[in-house]
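Okay, so here's the structure we're looking at.
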Amino acid sequence: MEEMILPNEHLGRDFIVPKLYNSQCNFRIFAPEHSRVRINNNSIIQYTDIQRGIFQEFENYDIYTVQSSAPVQVQLYCNGVSSTGDAFMVTLPSVQHFKSSYKFPVVNDFLYSHPPEHFYITVIVQSNARMGLRLDDKDIVKYEMITNITLASTLYSVITVEQSVGLHEIRQHNDIPFGLIVYGRDSNSGYGFPAGFATNINP
């Protein structure tokens with residue numbers, strides 16, 4: 001699997017690792033320099049030291065937060081719950097990378113004979129800003145999944161919405177930044193990608 005990743009000078013420190021709908025994922029934390037990392041899944045907090053140029057991998061059967069003493073890269077590696085088909089990899093945006101609006105495509109024109117049939121977006125947003133989200137200029141009224149977790153004393157909601165094929169736009173009407181992952185999934189194939197990054201950050 002291949003995906004373009006961010007240069008080291010644009011990496012972030014604070015991440016919310018979502019549980020993607022109908023997928024089992026692992027996540028890897030890559031450290032360009034020695035990092036002390038705090039990992040929390042709402043019930044268990046653990047600390048780990050990751051040496052320069054090394055990664056550590058975790059299973060995310062639940063939602064997690066990751067806080068690092070130095071900038072790191074976090075990658076999701078996902079597959080269907082019972083799939084032996086294609087997996088996909090997603091570069092996870094940190095909280096520092098969140099934007100207040102995104103335009104994104106949902107595609108199914110695969111050369112593969114069994115393209116994904118179900119498509120989703122997962123939004124990572126401050127819980128008090130969730131009602132301000134507008135998807136294709138409409139309020140979001142139906143969710144496949146909602147979970148909550150606290151990061152640095154701020155409560156975040158991770159929400160999943162099924163999407164149709166085509167070009168879409170989502171924004172927060174008070175310009176509060178949020179993260180967005182787009183993915184398609186069935187038992188034979190899948191794909192996923194981050195919808196965008198803000199790179200003018202100060203990690």
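Naming scheme: A, B, ... for chains in displayed order of the structure tokens; residues 1 onward per chain; ligands 1 onward as shown.
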Sorted by chain and rising residue number, list the residues of range 64-109 of chain A at most 8 Å from range 39-48 of chain A (counting only C-alpha atoms), each with its closest atom pair and distance in Å to one decimal, as a tab-separated table.
residue	atom	partner	partner_atom	distance
A:Tyr64	CA	A:Asn41	CA	4.3
A:Thr65	CA	A:Asn40	CA	5.2
A:Val66	CA	A:Ile39	CA	4.8
A:Gln67	CA	A:Ile39	CA	6.6
Sort by chain and increasing residue number a table of all residues of range 92-151 of chain A within 7 Å of range 159-180 of chain A, each with its closest pair of atoms and their distance in Å to one decimal, counting only C-alpha atoms, and write it as JSON lines.
{"residue": "A:Pro93", "atom": "CA", "partner": "A:Gly179", "partner_atom": "CA", "distance": 6.6}
{"residue": "A:Phe98", "atom": "CA", "partner": "A:Phe178", "partner_atom": "CA", "distance": 4.8}
{"residue": "A:Lys99", "atom": "CA", "partner": "A:Pro177", "partner_atom": "CA", "distance": 4.4}
{"residue": "A:Ser100", "atom": "CA", "partner": "A:Pro177", "partner_atom": "CA", "distance": 4.0}
{"residue": "A:Ser101", "atom": "CA", "partner": "A:Arg171", "partner_atom": "CA", "distance": 4.0}
{"residue": "A:Tyr102", "atom": "CA", "partner": "A:Ile170", "partner_atom": "CA", "distance": 5.5}
{"residue": "A:Lys103", "atom": "CA", "partner": "A:Glu169", "partner_atom": "CA", "distance": 4.4}
{"residue": "A:Phe104", "atom": "CA", "partner": "A:His168", "partner_atom": "CA", "distance": 5.5}
{"residue": "A:Pro105", "atom": "CA", "partner": "A:Leu167", "partner_atom": "CA", "distance": 4.4}
{"residue": "A:Val106", "atom": "CA", "partner": "A:Val165", "partner_atom": "CA", "distance": 4.8}
{"residue": "A:Val107", "atom": "CA", "partner": "A:Val165", "partner_atom": "CA", "distance": 5.5}
{"residue": "A:Asn108", "atom": "CA", "partner": "A:Val165", "partner_atom": "CA", "distance": 6.9}
{"residue": "A:Phe119", "atom": "CA", "partner": "A:Gln163", "partner_atom": "CA", "distance": 5.3}
{"residue": "A:Tyr120", "atom": "CA", "partner": "A:Glu162", "partner_atom": "CA", "distance": 4.3}
{"residue": "A:Ile121", "atom": "CA", "partner": "A:Val161", "partner_atom": "CA", "distance": 5.4}
{"residue": "A:Thr122", "atom": "CA", "partner": "A:Thr160", "partner_atom": "CA", "distance": 4.4}
{"residue": "A:Val123", "atom": "CA", "partner": "A:Leu180", "partner_atom": "CA", "distance": 4.7}
{"residue": "A:Ile124", "atom": "CA", "partner": "A:Gly179", "partner_atom": "CA", "distance": 4.9}
{"residue": "A:Val125", "atom": "CA", "partner": "A:Phe178", "partner_atom": "CA", "distance": 4.7}
{"residue": "A:Ala129", "atom": "CA", "partner": "A:Ile176", "partner_atom": "CA", "distance": 6.9}
{"residue": "A:Gly132", "atom": "CA", "partner": "A:Gln172", "partner_atom": "CA", "distance": 5.3}
{"residue": "A:Leu133", "atom": "CA", "partner": "A:Gln172", "partner_atom": "CA", "distance": 4.5}
{"residue": "A:Arg134", "atom": "CA", "partner": "A:Arg171", "partner_atom": "CA", "distance": 5.4}
{"residue": "A:Leu135", "atom": "CA", "partner": "A:Ile170", "partner_atom": "CA", "distance": 4.4}
{"residue": "A:Asp136", "atom": "CA", "partner": "A:Glu169", "partner_atom": "CA", "distance": 5.2}
{"residue": "A:Lys142", "atom": "CA", "partner": "A:Val161", "partner_atom": "CA", "distance": 6.9}
{"residue": "A:Tyr143", "atom": "CA", "partner": "A:Val161", "partner_atom": "CA", "distance": 5.0}
{"residue": "A:Glu144", "atom": "CA", "partner": "A:Thr160", "partner_atom": "CA", "distance": 5.4}
{"residue": "A:Met145", "atom": "CA", "partner": "A:Thr160", "partner_atom": "CA", "distance": 5.2}
{"residue": "A:Ile146", "atom": "CA", "partner": "A:Ile159", "partner_atom": "CA", "distance": 4.5}
{"residue": "A:Thr147", "atom": "CA", "partner": "A:Ile159", "partner_atom": "CA", "distance": 6.6}
Store the residues picked out above in a file with C-alpha atoms, as a JSON list (two decimals), in the first residue's frame.
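Now in selection_37.json:
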[["chain", "number", "residue", "atom", "x", "y", "z"],
["A", 93, "PRO", "CA", -4.92, 14.22, 10.45],
["A", 98, "PHE", "CA", -8.22, 20.21, 11.14],
["A", 99, "LYS", "CA", -10.02, 22.58, 8.75],
["A", 100, "SER", "CA", -13.48, 24.15, 8.95],
["A", 101, "SER", "CA", -14.61, 23.02, 5.46],
["A", 102, "TYR", "CA", -13.80, 20.35, 2.88],
["A", 103, "LYS", "CA", -14.77, 19.42, -0.66],
["A", 104, "PHE", "CA", -14.30, 15.72, -1.33],
["A", 105, "PRO", "CA", -15.19, 13.02, -3.90],
["A", 106, "VAL", "CA", -16.81, 9.65, -3.24],
["A", 107, "VAL", "CA", -15.89, 7.32, -6.10],
["A", 108, "ASN", "CA", -16.80, 3.80, -7.23],
["A", 119, "PHE", "CA", -19.32, 4.66, 1.31],
["A", 120, "TYR", "CA", -18.87, 6.67, 4.49],
["A", 121, "ILE", "CA", -17.38, 9.78, 5.99],
["A", 122, "THR", "CA", -16.08, 9.91, 9.56],
["A", 123, "VAL", "CA", -16.04, 13.38, 11.12],
["A", 124, "ILE", "CA", -13.98, 14.24, 14.21],
["A", 125, "VAL", "CA", -15.41, 17.42, 15.72],
["A", 129, "ALA", "CA", -19.80, 22.15, 17.29],
["A", 132, "GLY", "CA", -23.18, 23.32, 13.23],
["A", 133, "LEU", "CA", -22.04, 20.85, 10.57],
["A", 134, "ARG", "CA", -23.63, 21.29, 7.13],
["A", 135, "LEU", "CA", -23.23, 18.49, 4.57],
["A", 136, "ASP", "CA", -24.09, 19.56, 1.02],
["A", 142, "LYS", "CA", -28.82, 10.43, 10.21],
["A", 143, "TYR", "CA", -25.71, 8.82, 11.65],
["A", 144, "GLU", "CA", -24.37, 5.30, 11.32],
["A", 145, "MET", "CA", -22.31, 5.65, 14.49],
["A", 146, "ILE", "CA", -21.46, 8.28, 17.15],
["A", 147, "THR", "CA", -18.77, 8.00, 19.85]]
Item to check | Nearby residues (only C-alpha atoms) at most 9 Å from Phe30 in chain A, same-chain spacing under 5 positions excluded, as a PyMOL selection string | outcome: chain A and resi 50+52-57+72-75
Next on the checklist: Would you pick out the contacts of Ser127 in chain A at 9 Å or less, using only C-alpha atoms, so that residues sharing its chain but fewer than 4 positions from it are not included, and give the list as a PyMOL selection string?
Outcome noted: chain A and resi 131+148+154-158
Checklist entry - What is the distance, in Å and to one decimal place, between CA of Gly184 in chain A and CA of Gly12 in chain A? => result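 Interatomic distance here is 25.9 Å.
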